[in-house]
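Asker: Below is the file work_34.cif, with mmCIF, C-alpha atoms and all ligand atoms.
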```cif
data_my_file
#
loop_
_atom_site.label_atom_id
_atom_site.label_comp_id
_atom_site.auth_asym_id
_atom_site.auth_seq_id
_atom_site.Cartn_x
_atom_site.Cartn_y
_atom_site.Cartn_z
CA MET A 1 61.60 -0.84 75.78
CA ALA A 2 61.46 1.24 72.60
CA ILE A 3 59.89 -0.40 69.55
CA LYS A 4 62.58 -1.89 67.34
CA SER A 5 62.69 -1.31 63.60
CA CYS A 6 63.29 -4.24 61.25
CA LEU A 7 64.39 -4.60 57.62
CA VAL A 8 63.11 -7.84 56.05
CA ILE A 9 65.07 -9.40 53.16
CA GLY A 10 62.98 -11.95 51.20
CA GLY A 11 59.26 -11.20 51.25
CA SER A 12 57.39 -14.29 50.02
CA GLY A 13 57.43 -17.98 50.96
CA ARG A 14 58.89 -18.20 54.48
CA GLY A 15 59.53 -14.45 54.49
CA GLY A 16 55.83 -13.84 53.78
CA GLY A 17 54.86 -16.09 56.71
CA MET A 18 57.42 -14.36 58.91
CA ILE A 19 56.09 -10.86 58.07
CA LYS A 20 52.53 -11.96 58.89
CA MET A 21 53.62 -13.54 62.19
CA LEU A 22 55.70 -10.49 63.18
CA LYS A 23 52.76 -8.16 62.46
CA GLU A 24 50.33 -10.30 64.42
CA GLN A 25 52.49 -11.35 67.37
CA PHE A 26 55.18 -8.69 67.85
CA ASN A 27 53.30 -5.51 67.04
CA SER A 28 54.05 -3.97 70.42
CA ARG A 29 57.80 -4.67 70.28
CA MET A 30 58.86 -4.11 66.69
CA GLU A 31 57.83 -2.67 63.35
CA ILE A 32 58.89 -3.55 59.82
CA VAL A 33 60.31 -0.42 58.17
CA GLY A 34 61.59 -1.87 54.91
CA VAL A 35 61.30 -4.93 52.66
CA VAL A 36 63.71 -6.24 50.04
CA ASP A 37 62.74 -8.72 47.32
CA VAL A 38 63.91 -9.26 43.77
CA LYS A 39 60.29 -9.63 42.68
CA GLN A 40 58.27 -6.46 42.14
CA ASP A 41 54.90 -8.16 42.78
CA VAL A 42 56.15 -9.36 46.20
CA LEU A 43 57.26 -5.82 47.07
CA GLU A 44 53.91 -4.36 45.98
CA HIS A 45 52.01 -6.93 48.04
CA GLN A 46 54.10 -6.41 51.19
CA GLY A 47 54.18 -2.63 50.70
CA LYS A 48 50.37 -2.62 50.78
CA ALA A 49 50.15 -5.07 53.68
CA LEU A 50 52.60 -3.06 55.79
CA GLY A 51 51.66 0.42 54.61
CA LEU A 52 55.18 1.07 53.28
CA GLY A 53 55.90 3.59 50.52
CA LYS A 54 58.25 3.14 47.56
CA ASN A 55 61.21 4.53 49.50
CA SER A 56 61.00 1.59 51.89
CA LEU A 57 60.84 -1.13 49.22
CA PHE A 58 64.03 -2.38 47.56
CA THR A 59 65.15 -4.94 45.01
CA ASP A 60 68.80 -4.87 46.15
CA PHE A 61 69.80 -5.80 49.70
CA ASN A 62 73.08 -3.88 49.58
CA GLU A 63 71.24 -0.70 48.67
CA ALA A 64 68.57 -1.39 51.29
CA CYS A 65 71.08 -2.02 54.08
CA ALA A 66 72.89 1.22 53.28
CA ALA A 67 69.63 3.20 53.14
CA VAL A 68 67.63 1.69 56.02
CA LYS A 69 69.55 1.62 59.25
CA ALA A 70 67.07 -0.50 61.16
CA ASP A 71 67.57 -1.95 64.64
CA PHE A 72 67.85 -5.40 63.07
CA CYS A 73 67.46 -7.32 59.87
CA ALA A 74 65.47 -10.55 59.25
CA ILE A 75 66.58 -12.68 56.27
CA ALA A 76 64.46 -15.31 54.47
CA THR A 77 65.91 -15.53 50.96
CA PRO A 78 67.10 -18.78 49.33
CA PRO A 79 70.34 -19.98 51.05
CA GLN A 80 72.92 -18.57 48.60
CA PHE A 81 71.95 -14.99 49.58
CA HIS A 82 72.07 -15.46 53.38
CA SER A 83 75.79 -14.79 53.65
CA PRO A 84 76.06 -11.69 51.39
CA ALA A 85 72.85 -10.24 52.88
CA THR A 86 74.13 -10.78 56.44
CA VAL A 87 77.50 -9.23 55.58
CA ALA A 88 75.68 -6.17 54.16
CA ALA A 89 73.46 -5.94 57.24
CA VAL A 90 76.18 -6.22 59.90
CA GLU A 91 78.52 -3.89 58.00
CA ASN A 92 75.71 -1.36 58.26
CA GLY A 93 75.34 -1.97 61.98
CA MET A 94 72.30 -4.26 61.96
CA PRO A 95 72.06 -7.47 64.01
CA VAL A 96 70.60 -10.36 62.00
CA ILE A 97 68.12 -13.18 62.44
CA CYS A 98 68.38 -15.47 59.44
CA GLU A 99 66.59 -18.55 58.16
CA LYS A 100 68.41 -21.87 58.05
CA PRO A 101 70.66 -23.17 56.51
CA ILE A 102 73.36 -20.65 57.41
CA ALA A 103 74.52 -20.52 53.79
CA ASP A 104 74.97 -22.59 50.62
CA THR A 105 78.67 -23.43 51.16
CA LEU A 106 80.98 -23.78 54.15
CA GLU A 107 83.12 -20.89 52.86
CA ALA A 108 80.09 -18.60 52.65
CA ALA A 109 79.02 -19.63 56.17
CA LYS A 110 82.50 -18.83 57.52
CA THR A 111 82.56 -15.47 55.72
CA MET A 112 79.19 -14.70 57.32
CA MET A 113 80.38 -15.71 60.78
CA GLU A 114 83.58 -13.68 60.45
CA ALA A 115 81.59 -10.57 59.45
CA VAL A 116 79.30 -11.07 62.46
CA LYS A 117 82.28 -11.47 64.80
CA LYS A 118 84.05 -8.44 63.34
CA ALA A 119 80.94 -6.28 63.77
CA ALA A 120 80.39 -7.78 67.26
CA LEU A 121 76.65 -7.97 66.58
CA PRO A 122 74.07 -10.67 67.37
CA CYS A 123 73.23 -13.18 64.61
CA ALA A 124 70.67 -15.91 65.26
CA ILE A 125 69.83 -18.77 62.90
CA ILE A 126 66.23 -19.99 62.76
CA GLN A 127 65.94 -23.57 64.00
CA ASN A 128 62.25 -23.52 64.82
CA TYR A 129 61.73 -27.26 65.37
CA ARG A 130 63.61 -27.21 68.67
CA TYR A 131 60.78 -25.15 70.13
CA ALA A 132 57.99 -27.74 70.19
CA ALA A 133 56.55 -29.20 73.40
CA ASN A 134 57.42 -32.83 72.58
CA LYS A 135 61.09 -32.03 71.75
CA GLN A 136 61.48 -29.98 74.94
CA GLU A 137 59.96 -32.81 76.99
CA LEU A 138 62.31 -35.39 75.47
CA VAL A 139 65.26 -33.18 76.42
CA ARG A 140 63.93 -32.95 79.99
CA ILE A 141 63.59 -36.77 80.17
CA ARG A 142 67.28 -37.03 79.22
CA GLU A 143 68.52 -34.21 81.43
CA GLU A 144 66.62 -35.42 84.48
CA GLU A 145 67.63 -39.04 83.76
CA ARG A 146 64.01 -40.14 84.18
CA LEU A 147 64.84 -43.27 82.14
CA GLY A 148 68.51 -43.40 83.02
CA ARG A 149 71.22 -42.72 80.49
CA LEU A 150 70.64 -42.25 76.76
CA GLN A 151 72.20 -44.74 74.35
CA HIS A 152 71.07 -43.72 70.87
CA ILE A 153 68.42 -41.86 68.84
CA VAL A 154 66.77 -42.88 65.56
CA GLY A 155 65.20 -40.10 63.48
CA ARG A 156 62.98 -40.30 60.42
CA TYR A 157 61.87 -37.55 58.02
CA ALA A 158 59.69 -38.55 55.08
CA CYS A 159 57.70 -36.19 52.85
CA ASP A 160 55.76 -36.95 49.69
CA TYR A 161 57.40 -34.49 47.33
CA ARG A 162 57.03 -36.71 44.25
CA ARG A 163 55.31 -33.86 42.39
CA TYR A 164 57.52 -31.04 41.05
CA GLU A 165 57.07 -27.83 43.08
CA SER A 166 55.26 -29.67 45.86
CA TRP A 167 58.13 -28.52 48.16
CA GLY A 168 57.78 -24.76 47.67
CA LYS A 169 59.24 -23.19 44.54
CA SER A 170 61.19 -24.93 41.77
CA TRP A 171 64.71 -24.06 43.07
CA ARG A 172 64.36 -26.58 45.89
CA HIS A 173 63.70 -29.40 43.38
CA ASP A 174 66.50 -28.27 41.06
CA MET A 175 69.36 -27.64 43.50
CA ASP A 176 72.09 -30.12 44.50
CA PHE A 177 71.55 -31.97 47.81
CA ALA A 178 68.10 -30.47 48.50
CA LEU A 179 67.43 -33.03 51.24
CA LEU A 180 70.57 -32.05 53.17
CA PHE A 181 70.53 -28.26 52.79
CA GLU A 182 66.79 -27.68 52.98
CA GLY A 183 65.63 -30.63 55.08
CA SER A 184 68.28 -32.48 57.08
CA VAL A 185 69.85 -29.29 58.45
CA HIS A 186 66.82 -29.17 60.75
CA HIS A 187 67.13 -32.87 61.66
CA PHE A 188 70.90 -32.81 62.23
CA ASP A 189 70.34 -29.79 64.47
CA MET A 190 67.61 -31.77 66.25
CA MET A 191 70.01 -34.67 66.83
CA ARG A 192 72.36 -32.24 68.59
CA PHE A 193 69.49 -30.79 70.60
CA LEU A 194 67.92 -34.11 71.63
CA SER A 195 71.20 -35.91 72.35
CA GLY A 196 72.81 -32.98 74.16
CA GLY A 197 76.03 -33.59 72.23
CA ASP A 198 77.75 -32.15 69.19
CA CYS A 199 78.47 -34.42 66.24
CA GLU A 200 81.96 -35.86 66.18
CA THR A 201 81.84 -38.36 63.28
CA LEU A 202 79.32 -38.58 60.44
CA MET A 203 79.02 -41.13 57.65
CA GLY A 204 76.29 -42.15 55.27
CA LEU A 205 74.77 -42.58 51.86
CA GLY A 206 72.55 -40.43 49.67
CA TRP A 207 70.70 -41.11 46.43
CA ASN A 208 67.94 -39.91 44.13
CA PRO A 209 65.14 -42.37 43.27
CA GLU A 210 64.53 -42.50 39.50
CA TRP A 211 60.92 -41.40 40.08
CA SER A 212 61.71 -38.42 42.31
CA SER A 213 60.83 -34.83 41.34
CA PHE A 214 64.39 -33.73 42.22
CA LYS A 215 67.39 -33.24 39.95
CA HIS A 216 69.87 -34.41 42.60
CA HIS A 217 70.10 -36.55 45.75
CA SER A 218 66.85 -36.28 47.69
CA SER A 219 66.99 -39.30 50.03
CA GLY A 220 69.64 -40.62 52.40
CA PHE A 221 70.76 -42.58 55.45
CA TYR A 222 73.26 -40.99 57.85
CA LEU A 223 74.93 -42.26 61.03
CA MET A 224 76.47 -39.99 63.64
CA ARG A 225 78.53 -40.36 66.78
CA MET A 226 78.12 -37.44 69.14
CA ASP A 227 80.89 -36.12 71.39
CA ASN A 228 79.07 -37.29 74.54
CA GLY A 229 79.11 -40.92 73.34
CA ILE A 230 75.50 -40.98 72.09
CA HIS A 231 74.90 -42.43 68.61
CA THR A 232 72.25 -41.17 66.21
CA CYS A 233 70.83 -42.52 62.98
CA TYR A 234 68.77 -40.65 60.39
CA GLU A 235 66.56 -41.57 57.44
CA GLY A 236 65.56 -38.81 55.03
CA ASN A 237 63.08 -39.47 52.21
CA SER A 238 61.69 -36.80 49.89
CA SER A 239 59.64 -39.31 47.85
CA ALA A 240 57.64 -40.89 50.68
CA ALA A 241 54.77 -42.83 49.14
CA GLY A 242 53.67 -44.75 52.20
CA ILE A 243 54.34 -43.80 55.81
CA SER A 244 55.09 -40.09 55.98
CA ASN A 245 56.83 -38.18 58.75
CA CYS A 246 56.76 -34.76 57.16
CA TRP A 247 57.33 -31.33 58.76
CA HIS A 248 56.30 -31.14 62.42
CA LYS A 249 55.61 -34.91 62.31
CA GLU A 250 59.17 -36.21 62.09
CA TYR A 251 59.66 -39.41 64.07
CA TYR A 252 62.32 -39.69 66.78
CA ARG A 253 62.94 -42.71 69.01
CA ALA A 254 65.33 -42.31 71.93
CA GLU A 255 66.69 -45.49 73.51
CA PHE A 256 67.42 -45.02 77.22
CA GLU A 257 68.76 -47.40 79.85
CA ALA A 258 65.26 -48.04 81.25
CA GLY A 259 62.97 -47.56 78.24
CA SER A 260 62.35 -46.09 74.78
CA VAL A 261 60.64 -42.77 74.07
CA GLU A 262 58.85 -42.13 70.78
CA ILE A 263 57.67 -38.77 69.48
CA ALA A 264 56.23 -37.73 66.11
CA GLY A 265 53.33 -35.39 65.24
CA GLY A 266 51.35 -33.68 67.99
CA ASN A 267 52.65 -33.53 71.51
CA GLN A 268 52.16 -37.13 72.51
CA MET A 269 54.97 -38.79 74.42
CA THR A 270 55.04 -42.59 74.20
CA ILE A 271 57.27 -44.47 76.60
CA HIS A 272 57.88 -48.21 76.28
CA ARG A 273 59.41 -50.29 79.10
CA VAL A 274 59.96 -54.03 78.66
CA GLY A 275 57.25 -56.03 80.45
CA GLN A 276 55.19 -52.96 81.32
CA GLU A 277 52.22 -51.20 79.77
CA THR A 278 53.09 -48.42 77.35
CA GLU A 279 52.86 -44.99 78.97
CA VAL A 280 51.28 -42.27 76.86
CA TYR A 281 50.91 -38.62 77.87
CA GLU A 282 50.82 -35.11 76.45
CA ALA A 283 54.02 -33.10 76.74
CA PRO A 284 53.51 -29.97 78.87
CA ALA A 285 52.65 -27.00 76.63
CA ILE A 286 55.28 -24.30 76.10
CA SER A 287 54.37 -20.61 75.99
CA ARG A 288 55.91 -19.87 72.58
CA THR A 289 56.73 -22.32 69.80
CA GLY A 290 58.81 -22.29 66.61
CA HIS A 291 59.47 -18.94 64.93
CA GLU A 292 57.60 -17.06 67.62
CA TYR A 293 59.96 -18.43 70.28
CA LEU A 294 62.99 -17.52 68.18
CA PHE A 295 61.94 -13.91 67.56
CA ASP A 296 61.08 -13.45 71.24
CA GLU A 297 64.48 -14.87 72.22
CA PHE A 298 66.25 -12.68 69.63
CA LEU A 299 64.47 -9.46 70.68
CA ASN A 300 65.39 -10.25 74.29
CA TRP A 301 69.02 -10.73 73.22
CA LEU A 302 68.95 -7.29 71.55
CA ASP A 303 67.70 -5.95 74.90
CA GLY A 304 70.79 -7.36 76.61
CA ARG A 305 69.44 -10.70 77.77
CA THR A 306 70.68 -14.23 76.97
CA PRO A 307 72.04 -14.78 73.44
CA SER A 308 69.96 -17.05 71.17
CA ALA A 309 70.79 -20.74 71.62
CA THR A 310 70.97 -21.05 67.83
CA ARG A 311 73.35 -18.10 67.31
CA ILE A 312 75.62 -18.54 64.30
CA GLU A 313 78.67 -19.43 66.41
CA ASP A 314 76.79 -22.48 67.70
CA ASN A 315 74.61 -23.32 64.73
CA ILE A 316 77.61 -23.66 62.42
CA LYS A 317 78.06 -27.04 64.17
CA SER A 318 74.74 -28.16 62.65
CA PHE A 319 75.61 -26.67 59.26
CA ALA A 320 78.99 -28.44 59.25
CA MET A 321 77.05 -31.72 59.53
CA VAL A 322 75.30 -30.90 56.23
CA ILE A 323 78.65 -30.29 54.51
CA ALA A 324 80.06 -33.50 56.00
CA ALA A 325 76.97 -35.44 54.87
CA MET A 326 77.36 -34.05 51.35
CA GLU A 327 81.01 -35.10 51.23
CA THR A 328 80.51 -38.58 52.73
CA THR A 329 77.76 -39.11 50.14
CA LEU A 330 80.23 -38.28 47.39
CA ASP A 331 83.28 -40.24 48.61
CA GLY A 332 81.88 -42.86 50.99
CA GLN A 333 84.33 -41.89 53.77
CA PRO A 334 83.47 -41.08 57.42
CA LYS A 335 83.89 -37.38 58.24
CA GLN A 336 85.16 -35.67 61.38
CA ILE A 337 83.11 -32.53 62.07
CA ALA A 338 86.09 -30.84 63.76
CA ASP A 339 87.82 -30.78 60.34
CA TYR A 340 85.05 -28.57 58.99
CA LEU A 341 84.98 -26.21 61.93
CA ALA A 342 88.75 -25.62 62.01
CA GLY A 343 90.22 -22.47 60.51
N1 LIG B 1 62.45 -22.72 59.17
C1 LIG B 1 61.52 -23.17 58.37
O1 LIG B 1 60.59 -23.84 58.78
C2 LIG B 1 61.62 -22.87 56.90
C3 LIG B 1 60.58 -23.23 56.04
C4 LIG B 1 60.70 -22.90 54.70
C5 LIG B 1 61.83 -22.26 54.23
N2 LIG B 1 62.83 -21.95 55.09
C6 LIG B 1 64.04 -21.27 54.64
O2 LIG B 1 63.70 -19.95 54.24
C7 LIG B 1 64.52 -19.54 53.14
C8 LIG B 1 63.61 -19.13 51.99
O3 LIG B 1 62.87 -20.25 51.54
P1 LIG B 1 61.43 -20.05 50.86
O4 LIG B 1 60.80 -21.36 50.78
O5 LIG B 1 60.71 -18.96 51.52
O6 LIG B 1 61.88 -19.56 49.40
P2 LIG B 1 60.98 -18.77 48.36
O7 LIG B 1 61.69 -18.88 47.05
O8 LIG B 1 59.55 -19.23 48.45
O9 LIG B 1 61.01 -17.25 48.89
C9 LIG B 1 62.19 -16.52 48.90
C10 LIG B 1 61.91 -15.06 48.62
O10 LIG B 1 63.17 -14.39 48.54
C11 LIG B 1 63.18 -13.59 47.35
N3 LIG B 1 64.56 -13.45 46.90
C12 LIG B 1 65.29 -14.30 46.14
N4 LIG B 1 66.52 -13.82 45.94
C13 LIG B 1 66.58 -12.63 46.60
C14 LIG B 1 67.60 -11.66 46.78
N5 LIG B 1 68.81 -11.80 46.24
N6 LIG B 1 67.29 -10.57 47.51
C15 LIG B 1 66.06 -10.40 48.06
N7 LIG B 1 65.07 -11.30 47.92
C16 LIG B 1 65.33 -12.38 47.21
C17 LIG B 1 62.30 -14.34 46.38
O11 LIG B 1 61.83 -13.50 45.33
C18 LIG B 1 61.19 -14.83 47.30
O12 LIG B 1 60.20 -13.84 47.44
C19 LIG B 1 65.43 -20.73 52.82
O13 LIG B 1 66.65 -20.55 53.44
C20 LIG B 1 64.70 -21.91 53.44
O14 LIG B 1 65.55 -22.94 53.83
C21 LIG B 1 62.73 -22.23 56.42
#
```
Can you present the structure in this file as structure tokens?
Answerer:
Amino acid sequence: MAIKSCLVIGGSGRGGGMIKMLKEQFNSRMEIVGVVDVKQDVLEHQGKALGLGKNSLFTDFNEACAAVKADFCAIATPPQFHSPATVAAVENGMPVICEKPIADTLEAAKTMMEAVKKAALPCAIIQNYRYAANKQELVRIREEERLGRLQHIVGRYACDYRRYESWGKSWRHDMDFALLFEGSVHHFDMMRFLSGGDCETLMGLGWNPEWSSFKHHSSGFYLMRMDNGIHTCYEGNSSAAGISNCWHKEYYRAEFEAGSVEIAGGNQMTIHRVGQETEVYEAPAISRTGHEYLFDEFLNWLDGRTPSATRIEDNIKSFAMVIAAMETTLDGQPKQIADYLAG
């Protein structure tokens, strides 16, 4: 296959990590031909790292998309720019792989999805946590009914972000509903992945501890009923001072007919059965994890193979859960996810 060209929008933070990973892991399949960032120092740094001249470095994604007709575009800006950057990319003929969350509002997410549909181009959303050995093994346990049927899943995410700017740059501490848009979107997506169902009803509570480093709600409890009858329950805490279950170490407990499965950090699977010794084993390794899996899957899609599992048309079901969680936090009423996906 010919080497694919890529325009990257957002060149530091996650975008910086993505550029490094793409250079190291996908050198033989793709090359970065342009970078967009509003910060000049980021452009200078990436220009040097990638050997790109001034004509390939941009501060405006609209201008960049019109000038660089790459084979695809990778987006890693803060959420409010995902939708306009994707619209600019697809209108200029470029498929998109974009960081989560899809957008900052439901309207922006729908605008983005409509533009993708109209252009009839691939658009994948990055949900890297699905591609970890322990999550894949838990899905196999459910699918193969090794412990019978699944009843419910409890999930816990807890990071010690009590210091300002300990969770990346300041915008994440200053925005509304940082837990939901920046954190829980991964965990709600994981509840769909692990349960094998889409969320039907969501209700819950959110708050901001007085001592948090956030300006708005940063902790919460949410309950979900999935459309296959499985129930899920989620605790999110951005001011964890004791037991932490931060990124890659989130705790999930799945309650099956014949036992409970626990996973957290590492790839250890722990299975409890009443009256029996606890079974502990390592989940079988997977050949690609996280972002690497997603880019491999996306490049294969561009080559005519299977569409990404987290393509926008599917991942909007995880994003709708964020919007529902935001609204139930504000009005205390249970939300039907179908209401958000309609229209
Ligand atoms: N999947 C993951 O594990 C993961 C981890 C961290 C962040 N993220 C996601 O990645 C995205 C970026 O987060 P981050 O932590 O890297 O943020 P960041 O602020 O550290 O980096 C964003 C970059 O985008 C640039 N930028 C801002 N506005 C821009 C615009 N209009 N056009 C072009 N560039 C612009 C900034 O200058 C900065 O270099 C968010 O959507 C976030 O949720 C995902």
Asker: Enter the distance from atom O7 of ligand LIG 1 (chain B) to atom CA of A:Tyr234, in Å, rounded to one decimal.
Answerer: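 So the answer is 26.5 Å.
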Asker: May I ask for the distance between atom CA of A:Ala115 and atom CA of A:Asp227, given in Å to one decimal place?
Answerer: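 Atom CA of A:Asp227 lies 28.2 Å from atom CA of A:Ala115.
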Asker: For A:Gly34, find every residue with an atom within 9 Å (counting all atoms listed in the file), except residues of its own chain fewer than 6 positions away, and show them as a ChimeraX atom specification.
Answerer: /A:5-9,47,52,55-58,64,68,70
Asker: How close does chain A get to ligand LIG 1 (chain B)? List, as JSON lines, each residue of chain A within 7 Å, its nearest atom pair and the distance in Å to one decimal, counting all atoms listed in the file.
Answerer:
```
{"residue": "A:Ile9", "atom": "CA", "partner": "B:LIG1", "partner_atom": "C15", "distance": 5.3}
{"residue": "A:Gly10", "atom": "CA", "partner": "B:LIG1", "partner_atom": "O10", "distance": 3.6}
{"residue": "A:Gly11", "atom": "CA", "partner": "B:LIG1", "partner_atom": "O12", "distance": 4.7}
{"residue": "A:Ser12", "atom": "CA", "partner": "B:LIG1", "partner_atom": "O12", "distance": 3.8}
{"residue": "A:Gly13", "atom": "CA", "partner": "B:LIG1", "partner_atom": "O5", "distance": 3.5}
{"residue": "A:Arg14", "atom": "CA", "partner": "B:LIG1", "partner_atom": "O5", "distance": 3.6}
{"residue": "A:Gly15", "atom": "CA", "partner": "B:LIG1", "partner_atom": "O5", "distance": 5.5}
{"residue": "A:Val36", "atom": "CA", "partner": "B:LIG1", "partner_atom": "C15", "distance": 5.2}
{"residue": "A:Asp37", "atom": "CA", "partner": "B:LIG1", "partner_atom": "N7", "distance": 3.5}
{"residue": "A:Val38", "atom": "CA", "partner": "B:LIG1", "partner_atom": "N7", "distance": 4.8}
{"residue": "A:Lys39", "atom": "CA", "partner": "B:LIG1", "partner_atom": "O11", "distance": 4.9}
{"residue": "A:Val42", "atom": "CA", "partner": "B:LIG1", "partner_atom": "O12", "distance": 6.2}
{"residue": "A:Thr59", "atom": "CA", "partner": "B:LIG1", "partner_atom": "C15", "distance": 6.3}
{"residue": "A:Asp60", "atom": "CA", "partner": "B:LIG1", "partner_atom": "N6", "distance": 6.1}
{"residue": "A:Phe61", "atom": "CA", "partner": "B:LIG1", "partner_atom": "N6", "distance": 5.8}
{"residue": "A:Ala76", "atom": "CA", "partner": "B:LIG1", "partner_atom": "C7", "distance": 4.4}
{"residue": "A:Thr77", "atom": "CA", "partner": "B:LIG1", "partner_atom": "O10", "distance": 3.8}
{"residue": "A:Pro78", "atom": "CA", "partner": "B:LIG1", "partner_atom": "C19", "distance": 4.3}
{"residue": "A:Pro79", "atom": "CA", "partner": "B:LIG1", "partner_atom": "O13", "distance": 4.4}
{"residue": "A:Phe81", "atom": "CA", "partner": "B:LIG1", "partner_atom": "N5", "distance": 5.6}
{"residue": "A:Glu99", "atom": "CA", "partner": "B:LIG1", "partner_atom": "O2", "distance": 5.1}
{"residue": "A:Lys100", "atom": "CA", "partner": "B:LIG1", "partner_atom": "O13", "distance": 5.1}
{"residue": "A:Pro101", "atom": "CA", "partner": "B:LIG1", "partner_atom": "O13", "distance": 5.7}
{"residue": "A:Ile126", "atom": "CA", "partner": "B:LIG1", "partner_atom": "N1", "distance": 5.9}
{"residue": "A:Gln127", "atom": "CA", "partner": "B:LIG1", "partner_atom": "N1", "distance": 6.0}
{"residue": "A:Asn128", "atom": "CA", "partner": "B:LIG1", "partner_atom": "N1", "distance": 5.7}
{"residue": "A:Gly168", "atom": "CA", "partner": "B:LIG1", "partner_atom": "O4", "distance": 5.5}
{"residue": "A:Lys169", "atom": "CA", "partner": "B:LIG1", "partner_atom": "O7", "distance": 5.6}
{"residue": "A:Glu182", "atom": "CA", "partner": "B:LIG1", "partner_atom": "O14", "distance": 5.0}
```
Asker: Can you spit out the residues from that selection as a CSV table (one decimal), in the coordinates of the input, using C-alpha atoms?
Answerer:
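Output below, filename result_16.csv:
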```csv
chain,number,residue,atom,x,y,z
A,9,ILE,CA,65.1,-9.4,53.2
A,10,GLY,CA,63.0,-12.0,51.2
A,11,GLY,CA,59.3,-11.2,51.2
A,12,SER,CA,57.4,-14.3,50.0
A,13,GLY,CA,57.4,-18.0,51.0
A,14,ARG,CA,58.9,-18.2,54.5
A,15,GLY,CA,59.5,-14.4,54.5
A,36,VAL,CA,63.7,-6.2,50.0
A,37,ASP,CA,62.7,-8.7,47.3
A,38,VAL,CA,63.9,-9.3,43.8
A,39,LYS,CA,60.3,-9.6,42.7
A,42,VAL,CA,56.2,-9.4,46.2
A,59,THR,CA,65.2,-4.9,45.0
A,60,ASP,CA,68.8,-4.9,46.2
A,61,PHE,CA,69.8,-5.8,49.7
A,76,ALA,CA,64.5,-15.3,54.5
A,77,THR,CA,65.9,-15.5,51.0
A,78,PRO,CA,67.1,-18.8,49.3
A,79,PRO,CA,70.3,-20.0,51.0
A,81,PHE,CA,72.0,-15.0,49.6
A,99,GLU,CA,66.6,-18.6,58.2
A,100,LYS,CA,68.4,-21.9,58.0
A,101,PRO,CA,70.7,-23.2,56.5
A,126,ILE,CA,66.2,-20.0,62.8
A,127,GLN,CA,65.9,-23.6,64.0
A,128,ASN,CA,62.2,-23.5,64.8
A,168,GLY,CA,57.8,-24.8,47.7
A,169,LYS,CA,59.2,-23.2,44.5
A,182,GLU,CA,66.8,-27.7,53.0
```
Asker: Which residue out of A:Phe214, A:Trp301, A:Gln40, A:His291 has the minimum interatomic distance to A:Lys20 when all atoms listed in the file are used?
Answerer: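 Ranked by minimum distance to A:Lys20, first place goes to A:His291.
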Asker: In the coordinates of the file, take the point (54.8, -33.5, 68.5) and a cut-off of 12 Å; then, counting all atoms listed in the file, name each qualifying protein, DNA or RNA residue as a PyMOL selection string.
Answerer: chain A and resi 129-138+245-252+262-270+281-286+289
Asker: Quick check, in Å to one decimal: how far apart do atom CA of A:Thr201 and atom CA of A:Arg225 lie?
Answerer: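 So the two atoms, atom CA of A:Thr201 and atom CA of A:Arg225, lie 5.2 Å apart.
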Asker: Please tell me which residues are no farther than 12 Å from (52.0, -32.7, 45.0) in the file, counting all atoms listed in the file, and write them as a PDB file with C-alpha atoms, in the coordinates of the input.
Answerer:
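Now in point.pdb:
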```pdb
ATOM      1  CA  CYS A 159      57.700 -36.190  52.850  1.00  0.00           C
ATOM      2  CA  ASP A 160      55.760 -36.950  49.690  1.00  0.00           C
ATOM      3  CA  TYR A 161      57.400 -34.490  47.330  1.00  0.00           C
ATOM      4  CA  ARG A 162      57.030 -36.710  44.250  1.00  0.00           C
ATOM      5  CA  ARG A 163      55.310 -33.860  42.390  1.00  0.00           C
ATOM      6  CA  TYR A 164      57.520 -31.040  41.050  1.00  0.00           C
ATOM      7  CA  GLU A 165      57.070 -27.830  43.080  1.00  0.00           C
ATOM      8  CA  SER A 166      55.260 -29.670  45.860  1.00  0.00           C
ATOM      9  CA  TRP A 167      58.130 -28.520  48.160  1.00  0.00           C
ATOM     10  CA  GLY A 168      57.780 -24.760  47.670  1.00  0.00           C
ATOM     11  CA  LYS A 169      59.240 -23.190  44.540  1.00  0.00           C
ATOM     12  CA  SER A 212      61.710 -38.420  42.310  1.00  0.00           C
ATOM     13  CA  SER A 213      60.830 -34.830  41.340  1.00  0.00           C
ATOM     14  CA  SER A 238      61.690 -36.800  49.890  1.00  0.00           C
ATOM     15  CA  SER A 239      59.640 -39.310  47.850  1.00  0.00           C
ATOM     16  CA  ALA A 240      57.640 -40.890  50.680  1.00  0.00           C
ATOM     17  CA  ALA A 241      54.770 -42.830  49.140  1.00  0.00           C
TER      18      ALA A 241
END
```
Asker: Looking at A:Glu91, A:Asp339, A:Glu145, A:Glu277, which one is nearest to A:Glu200, with distances taken over all atoms listed in the file?
Answerer: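 Once distances to A:Glu200 are computed over all atoms listed in the file, the minimum belongs to A:Asp339.
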Asker: Considering only C-alpha atoms, can you say which of A:Lys69, A:Arg142, A:Lys54, A:His173 comes closest to A:Gly93?
Answerer: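 Smallest separation from A:Gly93 among the options: A:Lys69.
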Asker: Using only C-alpha atoms, which protein or nucleic acid residues come within 9 Å of A:Lys110? Drop anything in the same chain fewer than 6 positions from it, and give the result as a PyMOL selection string.
Answerer: chain A and resi 83+103+316+341
Asker: For A:Gly275, list every protein, DNA or RNA residue within 12 Å, evaluated using only C-alpha atoms, and leave out those in the same chain fewer than 4 positions away; present the list as a list in words.
Answerer: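 Here the qualifying residues turn out to be Ala258, Gly259 and Glu279 of chain A.
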Asker: Quick one: residues within 8 Å of A:Leu180, only C-alpha atoms counted, chain neighbours fewer than 2 positions away excluded, as a PyMOL selection string?
Answerer: chain A and resi 177-178+182-185+218+322+325-326
